[in-house]
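Chemist: Next comes the structure file coords-v7.txt, holding compact mmCIF, C-alpha atoms.
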```
# COMPACT_ATOMS: atom_id res chain seq x y z
CA MET A 1 0.00 0.00 0.00
CA VAL A 2 2.77 2.43 0.99
CA ASN A 3 4.72 1.65 -2.18
CA CYS A 4 1.67 2.37 -4.31
CA LEU A 5 1.13 5.69 -2.57
CA LYS A 6 4.79 6.55 -2.92
CA ASN A 7 4.78 5.78 -6.63
CA ALA A 8 1.68 7.92 -7.11
CA SER A 9 3.11 10.88 -5.20
CA ASN A 10 6.40 10.83 -7.11
CA GLN A 11 4.57 12.04 -10.20
CA PHE A 12 3.85 15.38 -8.54
CA GLN A 13 6.99 16.08 -6.52
CA SER A 14 8.28 18.87 -8.77
CA MET A 15 7.99 21.78 -6.31
CA ASN A 16 10.41 22.54 -3.52
CA LYS A 17 9.28 23.74 -0.11
CA PHE A 18 9.62 27.43 -0.92
CA GLU A 19 7.54 27.06 -4.07
CA ILE A 20 4.82 25.26 -2.11
CA ILE A 21 4.79 28.05 0.49
CA ASP A 22 4.46 30.61 -2.30
CA ARG A 23 1.41 28.71 -3.59
CA ILE A 24 -0.12 28.81 -0.09
CA LEU A 25 0.47 32.57 0.17
CA ASN A 26 -0.84 33.37 -3.30
CA PRO A 27 -3.69 34.00 -3.55
CA GLY A 28 -3.70 33.38 0.22
CA ILE A 29 -6.82 31.25 0.69
CA VAL A 30 -6.69 27.65 1.88
CA ALA A 31 -9.98 25.83 1.31
CA ILE A 32 -10.70 23.28 4.04
CA ILE A 33 -12.93 20.68 2.47
CA ARG A 34 -14.70 17.54 3.55
CA ALA A 35 -16.44 15.35 1.00
CA ASP A 36 -18.37 12.09 1.09
CA SER A 37 -16.68 10.66 -2.01
CA SER A 38 -13.74 11.27 -4.32
CA ASP A 39 -16.09 12.03 -7.22
CA GLN A 40 -17.78 14.76 -5.18
CA LEU A 41 -14.39 16.14 -4.20
CA LEU A 42 -13.16 16.35 -7.78
CA LEU A 43 -16.21 18.35 -8.85
CA LEU A 44 -15.79 20.60 -5.81
CA ALA A 45 -12.09 21.09 -6.52
CA GLY A 46 -12.89 22.07 -10.09
CA ALA A 47 -15.39 24.67 -8.90
CA LEU A 48 -12.86 26.14 -6.43
CA ILE A 49 -10.12 26.28 -9.05
CA GLU A 50 -12.45 28.13 -11.42
CA GLY A 51 -13.00 30.71 -8.68
CA GLY A 52 -9.26 31.15 -8.15
CA VAL A 53 -8.79 29.06 -4.99
CA THR A 54 -6.17 26.45 -5.85
CA THR A 55 -4.86 25.46 -2.40
CA MET A 56 -6.98 22.85 -0.64
CA GLU A 57 -6.75 20.96 2.63
CA ILE A 58 -8.45 17.56 2.77
CA THR A 59 -9.08 16.63 6.38
CA MET A 60 -8.33 13.13 7.60
CA THR A 61 -11.94 13.01 8.80
CA THR A 62 -12.97 12.75 5.12
CA PRO A 63 -13.69 9.14 4.03
CA ASN A 64 -10.78 7.77 1.97
CA ALA A 65 -8.93 11.07 2.39
CA LEU A 66 -5.62 9.80 1.02
CA GLN A 67 -7.24 8.33 -2.08
CA VAL A 68 -9.01 11.66 -2.61
CA ILE A 69 -5.67 13.50 -2.53
CA SER A 70 -4.17 11.10 -5.05
CA ALA A 71 -7.22 11.34 -7.34
CA ALA A 72 -7.18 15.15 -7.26
CA ASN A 73 -3.49 15.24 -8.11
CA GLN A 74 -4.06 12.84 -10.99
CA LYS A 75 -6.88 14.95 -12.43
CA PHE A 76 -5.65 18.51 -11.89
CA GLY A 77 -1.86 18.17 -11.69
CA SER A 78 -0.09 21.49 -11.16
CA ARG A 79 -3.38 23.41 -11.21
CA ILE A 80 -4.01 22.35 -7.63
CA LEU A 81 -2.04 22.26 -4.37
CA MET A 82 -3.36 19.47 -2.18
CA GLY A 83 -2.65 19.29 1.53
CA VAL A 84 -3.90 17.16 4.39
CA GLY A 85 -5.50 18.36 7.61
CA SER A 86 -6.58 17.08 11.02
CA VAL A 87 -3.28 15.21 11.28
CA LEU A 88 -2.63 14.01 14.82
CA ASP A 89 0.41 11.74 14.55
CA SER A 90 3.58 11.28 12.55
CA GLU A 91 2.48 7.95 11.05
CA THR A 92 -0.57 9.55 9.43
CA CYS A 93 1.58 12.48 8.35
CA ARG A 94 4.10 10.27 6.55
CA THR A 95 1.42 8.22 4.82
CA ALA A 96 -0.33 11.39 3.63
CA ILE A 97 2.89 12.84 2.22
CA LEU A 98 3.54 9.59 0.35
CA ALA A 99 -0.01 9.82 -1.01
CA GLY A 100 0.78 13.21 -2.52
CA ALA A 101 -0.02 15.78 0.18
CA GLU A 102 2.16 18.86 -0.42
CA PHE A 103 1.55 20.41 3.00
CA VAL A 104 0.27 19.26 6.39
CA VAL A 105 -2.07 20.90 8.90
CA THR A 106 -2.57 19.92 12.54
CA PRO A 107 -5.39 21.08 14.85
CA VAL A 108 -3.00 21.23 17.82
CA THR A 109 0.74 21.54 18.39
CA LYS A 110 2.39 18.20 17.54
CA VAL A 111 6.16 18.42 17.63
CA ASP A 112 6.68 14.96 16.11
CA VAL A 113 4.55 15.90 13.09
CA ILE A 114 6.45 19.17 12.64
CA ARG A 115 9.78 17.34 12.67
CA LEU A 116 8.62 14.75 10.16
CA CYS A 117 7.38 17.44 7.76
CA ASN A 118 10.75 19.17 7.98
CA ARG A 119 12.45 15.86 7.23
CA TYR A 120 10.36 15.44 4.09
CA GLY A 121 10.66 19.08 3.05
CA LYS A 122 6.93 19.78 3.29
CA PRO A 123 5.40 22.93 4.83
CA ILE A 124 3.60 22.42 8.13
CA ILE A 125 0.78 24.59 9.47
CA SER A 126 0.81 23.87 13.19
CA GLY A 127 -2.38 24.32 15.22
CA ALA A 128 -2.31 26.52 18.30
CA TYR A 129 -4.66 28.33 20.65
CA SER A 130 -2.38 30.07 23.13
CA PRO A 131 0.73 32.23 22.63
CA THR A 132 2.78 29.49 24.32
CA GLU A 133 1.58 26.87 21.82
CA ALA A 134 2.19 29.25 18.93
CA LEU A 135 5.78 29.86 20.03
CA LEU A 136 6.37 26.14 20.64
CA GLY A 137 5.21 25.36 17.11
CA TYR A 138 7.49 28.03 15.65
CA GLU A 139 10.53 26.97 17.69
CA SER A 140 9.90 23.33 16.70
CA GLY A 141 10.13 24.27 13.02
CA ALA A 142 6.57 25.02 11.88
CA ASP A 143 6.30 27.19 8.79
CA PHE A 144 2.91 28.62 9.78
CA ILE A 145 0.84 28.75 12.93
CA LYS A 146 -2.85 27.94 12.63
CA ILE A 147 -4.81 29.91 15.22
CA PHE A 148 -7.95 27.89 15.88
CA PRO A 149 -10.77 28.59 16.46
CA ALA A 150 -10.32 32.07 15.01
CA ASP A 151 -13.99 32.98 15.35
CA GLN A 152 -13.67 32.73 19.12
CA LEU A 153 -10.37 34.62 19.34
CA GLY A 154 -10.66 37.17 16.54
CA PRO A 155 -8.24 39.50 14.68
CA ASN A 156 -7.34 41.54 17.78
CA TYR A 157 -6.09 38.40 19.52
CA ILE A 158 -3.81 37.67 16.58
CA LYS A 159 -2.60 41.26 16.48
CA ASN A 160 -1.75 41.04 20.18
CA ILE A 161 0.22 37.81 19.66
CA LEU A 162 2.16 39.28 16.76
CA ALA A 163 3.16 42.38 18.74
CA PRO A 164 5.82 40.53 20.82
CA MET A 165 6.29 37.71 18.25
CA PRO A 166 6.24 39.32 14.78
CA MET A 167 8.19 36.40 13.29
CA LEU A 168 5.09 34.18 13.44
CA ARG A 169 3.18 33.61 10.22
CA ILE A 170 -0.37 33.07 11.44
CA ILE A 171 -3.15 31.51 9.38
CA PRO A 172 -6.53 31.93 11.15
CA THR A 173 -8.99 29.06 10.83
CA GLY A 174 -12.63 28.88 11.87
CA GLY A 175 -15.21 31.56 11.18
CA VAL A 176 -13.13 33.27 8.50
CA THR A 177 -15.93 34.74 6.42
CA VAL A 178 -15.54 36.99 3.38
CA GLU A 179 -16.64 39.93 5.51
CA ARG A 180 -13.84 39.30 8.04
CA VAL A 181 -11.02 38.79 5.54
CA ALA A 182 -9.84 42.40 5.67
CA SER A 183 -9.69 42.46 9.48
CA PHE A 184 -7.51 39.35 9.58
CA ILE A 185 -5.21 40.67 6.85
CA ASP A 186 -4.93 43.98 8.69
CA ALA A 187 -4.05 42.05 11.86
CA GLY A 188 -0.99 40.67 10.08
CA CYS A 189 -2.12 37.31 8.68
CA PRO A 190 -0.32 36.31 5.44
CA ALA A 191 -3.03 33.82 4.46
CA LEU A 192 -6.42 32.57 5.63
CA ALA A 193 -8.14 29.20 5.84
CA ALA A 194 -11.87 28.84 5.20
CA GLY A 195 -14.02 25.79 5.71
CA SER A 196 -17.81 25.82 5.94
CA SER A 197 -17.89 29.57 5.32
CA LEU A 198 -16.49 28.83 1.86
CA VAL A 199 -18.04 25.40 1.19
CA SER A 200 -21.15 24.86 3.29
CA LYS A 201 -22.69 21.42 3.80
CA GLU A 202 -25.87 22.62 2.13
CA THR A 203 -24.07 23.91 -0.96
CA LEU A 204 -22.09 20.69 -1.23
CA LYS A 205 -25.20 18.57 -0.76
CA ASN A 206 -27.01 20.51 -3.49
CA LYS A 207 -23.94 20.29 -5.75
CA ASP A 208 -24.21 24.02 -6.41
CA TRP A 209 -20.81 24.31 -8.06
CA LYS A 210 -21.57 27.74 -9.52
CA LYS A 211 -22.23 29.16 -6.05
CA ILE A 212 -18.97 27.66 -4.77
CA THR A 213 -17.06 29.21 -7.68
CA GLU A 214 -18.61 32.59 -6.93
CA LYS A 215 -17.78 32.34 -3.23
CA ALA A 216 -14.20 31.32 -4.01
CA ALA A 217 -13.81 34.31 -6.32
CA ALA A 218 -15.20 36.58 -3.59
CA TYR A 219 -12.58 35.33 -1.12
CA VAL A 220 -9.74 35.83 -3.59
CA GLU A 221 -10.90 39.36 -4.37
CA ALA A 222 -11.33 40.16 -0.66
CA VAL A 223 -7.73 39.14 0.05
CA ARG A 224 -6.43 41.10 -2.94
CA THR A 225 -8.35 44.22 -1.93
CA ALA A 226 -7.29 43.94 1.73
CA ARG A 227 -3.64 43.53 0.81
CA SER A 228 -3.79 46.49 -1.55
CA GLY A 229 -5.38 48.67 1.11
CA LYS A 230 -2.81 47.62 3.69
CA ASN A 231 0.05 48.40 1.31
CA LEU A 232 -1.38 51.85 0.67
CA THR A 233 -1.55 52.66 4.38
CA THR A 234 1.88 51.35 5.41
```
In structure tokens, what does this structure look like?
Modeler:
Amino acid sequence: MVNCLKNASNQFQSMNKFEIIDRILNPGIVAIIRADSSDQLLLLAGALIEGGVTTMEITMTTPNALQVISAANQKFGSRILMGVGSVLDSETCRTAILAGAEFVVTPVTKVDVIRLCNRYGKPIISGAYSPTEALLGYESGADFIKIFPADQLGPNYIKNILAPMPMLRIIPTGGVTVERVASFIDAGCPALAAGSSLVSKETLKNKDWKKITEKAAAYVEAVRTARSGKNLTT
């Protein structure tokens, strides 16, 4: 099984770590998606790509998540950047990377997962809630810190963390709506992650791909506008 996954992933290992990070930062939206089947995921991925969102995190809570990652890579190739989320241990992390995941996301700070990602040259977005966890993730080698749940903590919390620790690259997750994009960018976030606010269960159930494309485009435009406004005022 591992050999098969490794062979499949080798077809897409053309980017180095810095190039992957650049893809995460531009346009700066990570779509967190959960699907009931690989077929549903492929249609969803196509709709997101059409809207300009090309970086996607498939959570390990998705049925057959690793097969979904491989299938998406096979279909879309370089048009998509597939990562894996909800990773809780290094064994799952390694298997996901061999399946073709280009970056890894954890819900909490897991030092062993961070170290394994560094060994494989893959970006790691390490989950954190407190400033202590955020610093631990950074000092352990995480490329980004995922503040979760962001809807409970908010942009001001992130701004306060960045004041004494400006070296952190924070990606807020949870409750990141289109309307709140600008406030998170202004707080100092280099990228954002959106789940149900981008792809709701109802929209996915109804297979409303056009609506998903429109929402994806709205997110991309919101980030672009917020970054432009921030540049003009700094």
Chemist: So that I can see what lies close to Cys93 (chain A), please list as a tab-separated table (two decimals) with C-alpha atoms, in the coordinates of the input the residues with an atom at most 8 Å from it, counting all atoms listed in the file and leaving out residues fewer than 3 positions away in the same chain.
Modeler:
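And here is the file that came out, out30.tsv:
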```tsv
chain	number	residue	atom	x	y	z
A	87	VAL	CA	-3.28	15.21	11.28
A	88	LEU	CA	-2.63	14.01	14.82
A	89	ASP	CA	0.41	11.74	14.55
A	90	SER	CA	3.58	11.28	12.55
A	96	ALA	CA	-0.33	11.39	3.63
A	97	ILE	CA	2.89	12.84	2.22
A	104	VAL	CA	0.27	19.26	6.39
A	113	VAL	CA	4.55	15.90	13.09
A	116	LEU	CA	8.62	14.75	10.16
A	117	CYS	CA	7.38	17.44	7.76
```
Chemist: Identify the residues within 7 Å of coordinate (-13.2, 23.2, 3.3) (same frame as the file), considering all atoms listed in the file, and give the answer as a list of chain:residue names.
Modeler: A:Ala31, A:Ile32, A:Ile33, A:Arg34, A:Glu57, A:Ala194, A:Gly195, A:Ser196, A:Leu198, A:Val199
Chemist: Enumerate, in order of chain and increasing residue number, the residues of region 112-135 of chain A with an atom no farther than 9 Å from region 143-164 of chain A, each with its shortest atom pair and distance in Å to one decimal, counting all atoms listed in the file, as JSON lines.
Modeler:
```
{"residue": "A:Ile114", "atom": "CA", "partner": "A:Asp143", "partner_atom": "CA", "distance": 8.9}
{"residue": "A:Pro123", "atom": "CA", "partner": "A:Asp143", "partner_atom": "CA", "distance": 5.9}
{"residue": "A:Ile124", "atom": "CA", "partner": "A:Asp143", "partner_atom": "CA", "distance": 5.5}
{"residue": "A:Ile125", "atom": "CA", "partner": "A:Phe144", "partner_atom": "CA", "distance": 4.6}
{"residue": "A:Ser126", "atom": "CA", "partner": "A:Ile145", "partner_atom": "CA", "distance": 4.9}
{"residue": "A:Gly127", "atom": "CA", "partner": "A:Lys146", "partner_atom": "CA", "distance": 4.5}
{"residue": "A:Ala128", "atom": "CA", "partner": "A:Ile147", "partner_atom": "CA", "distance": 5.2}
{"residue": "A:Tyr129", "atom": "CA", "partner": "A:Ile147", "partner_atom": "CA", "distance": 5.7}
{"residue": "A:Ser130", "atom": "CA", "partner": "A:Ile147", "partner_atom": "CA", "distance": 8.3}
{"residue": "A:Pro131", "atom": "CA", "partner": "A:Ile161", "partner_atom": "CA", "distance": 6.3}
{"residue": "A:Ala134", "atom": "CA", "partner": "A:Ile145", "partner_atom": "CA", "distance": 6.2}
{"residue": "A:Leu135", "atom": "CA", "partner": "A:Ile145", "partner_atom": "CA", "distance": 8.7}
```
Chemist: Per residue of region 40-70 of chain A within 10 Å of region 201-217 of chain A, which atom pair is closest and at what distance in Å (one decimal), using all atoms listed in the file, listed by chain and increasing number, as a tab-separated table?
Modeler:
```
residue	atom	partner	partner_atom	distance
A:Gln40	CA	A:Lys207	CA	8.3
A:Leu41	CA	A:Leu204	CA	9.4
A:Leu43	CA	A:Trp209	CA	7.6
A:Leu44	CA	A:Trp209	CA	6.6
A:Ala45	CA	A:Trp209	CA	9.4
A:Gly46	CA	A:Trp209	CA	8.5
A:Ala47	CA	A:Thr213	CA	5.0
A:Leu48	CA	A:Thr213	CA	5.4
A:Ile49	CA	A:Thr213	CA	7.7
A:Glu50	CA	A:Thr213	CA	6.0
A:Gly51	CA	A:Ala217	CA	4.4
A:Gly52	CA	A:Ala217	CA	5.8
A:Val53	CA	A:Ala216	CA	5.9
A:Thr54	CA	A:Ala216	CA	9.6
```
Chemist: I want to know what sits within 10 Å of Glu102 (chain A), based on all atoms listed in the file, with residues of the same chain fewer than 5 positions away left out; could you give that as a short mmCIF file (atom, residue, chain, number, x, y, z; two decimals) with C-alpha atoms, in the coordinates of the input?
Modeler:
```cif
data_model
loop_
_atom_site.label_atom_id
_atom_site.label_comp_id
_atom_site.auth_asym_id
_atom_site.auth_seq_id
_atom_site.Cartn_x
_atom_site.Cartn_y
_atom_site.Cartn_z
CA SER A 9 3.11 10.88 -5.20
CA PHE A 12 3.85 15.38 -8.54
CA GLN A 13 6.99 16.08 -6.52
CA MET A 15 7.99 21.78 -6.31
CA ASN A 16 10.41 22.54 -3.52
CA LYS A 17 9.28 23.74 -0.11
CA ILE A 20 4.82 25.26 -2.11
CA ILE A 21 4.79 28.05 0.49
CA THR A 55 -4.86 25.46 -2.40
CA MET A 56 -6.98 22.85 -0.64
CA GLU A 57 -6.75 20.96 2.63
CA ILE A 69 -5.67 13.50 -2.53
CA LEU A 81 -2.04 22.26 -4.37
CA MET A 82 -3.36 19.47 -2.18
CA GLY A 83 -2.65 19.29 1.53
CA VAL A 84 -3.90 17.16 4.39
CA ALA A 96 -0.33 11.39 3.63
CA ILE A 97 2.89 12.84 2.22
CA CYS A 117 7.38 17.44 7.76
CA TYR A 120 10.36 15.44 4.09
CA GLY A 121 10.66 19.08 3.05
CA LYS A 122 6.93 19.78 3.29
CA PRO A 123 5.40 22.93 4.83
CA ILE A 124 3.60 22.42 8.13
#
```
Chemist: Out of A:Tyr138, A:Ser78, A:Ala99, A:Val223, which residue has the shortest atom-to-atom distance to Ser14 (chain A) when counting all atoms listed in the file?
Modeler: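 The shortest atom-to-atom distance to Ser14 (chain A) comes from A:Ser78.
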Chemist: What gap, in Å, lies between CA of Val176 (chain A) and CA of Val111 (chain A)?
Modeler: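 Result for CA of Val176 (chain A) versus CA of Val111 (chain A): 26.0 Å, one decimal.
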Chemist: To one decimal place, how far is CA of Thr92 (chain A) from CA of Ser140 (chain A) in Å?
Modeler: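 Spanning CA of Thr92 (chain A) to CA of Ser140 (chain A) is a straight-line distance of 18.8 Å.
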Chemist: Could you name the residues that touch Pro190 (chain A) at 8 Å or less, counting only C-alpha atoms, but leaving out those on the same chain fewer than 5 positions away, as a list in words?
Modeler: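 Result of the neighbour search: Leu25, Gly28, Arg169, Ile170, Ile171 and Ile185 of chain A.
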Chemist: Quick one: write out the picked residues with C-alpha atoms as a PDB file, keeping the file's coordinate frame?
Modeler:
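Okay, this is what ended up in again-v5.pdb:
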```pdb
ATOM      1  CA  LEU A  25       0.470  32.570   0.170  1.00  0.00           C
ATOM      2  CA  GLY A  28      -3.700  33.380   0.220  1.00  0.00           C
ATOM      3  CA  ARG A 169       3.180  33.610  10.220  1.00  0.00           C
ATOM      4  CA  ILE A 170      -0.370  33.070  11.440  1.00  0.00           C
ATOM      5  CA  ILE A 171      -3.150  31.510   9.380  1.00  0.00           C
ATOM      6  CA  ILE A 185      -5.210  40.670   6.850  1.00  0.00           C
TER       7      ILE A 185
END
```
Chemist: For Thr132 (chain A), which residue out of A:Met165, A:Ala182, A:Ala35, A:Val105 is the nearest one, using all atoms listed in the file?
Modeler: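 Of A:Met165, A:Ala182, A:Ala35, A:Val105, the one nearest Thr132 (chain A) is A:Met165, counting all atoms listed in the file.
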Chemist: Could you tell me how far CA of Asn73 (chain A) lies from CA of Arg115 (chain A), in Å and to one decimal?
Modeler: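 Answer for the CA of Asn73 (chain A) to CA of Arg115 (chain A) separation: 24.7 Å.
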Chemist: A:Ala226, A:Ile80, A:Leu98, A:Val220: which is nearest Arg23 (chain A), counting all atoms listed in the file?
Modeler: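 Using all atoms listed in the file, Arg23 (chain A) sits closest to A:Ile80.
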Chemist: For Gln67 (chain A), which of A:Glu179, A:Arg94, A:Ser86, A:Ala101 is the closest residue, counting all atoms listed in the file?
Modeler: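 Closest candidate: A:Ala101.
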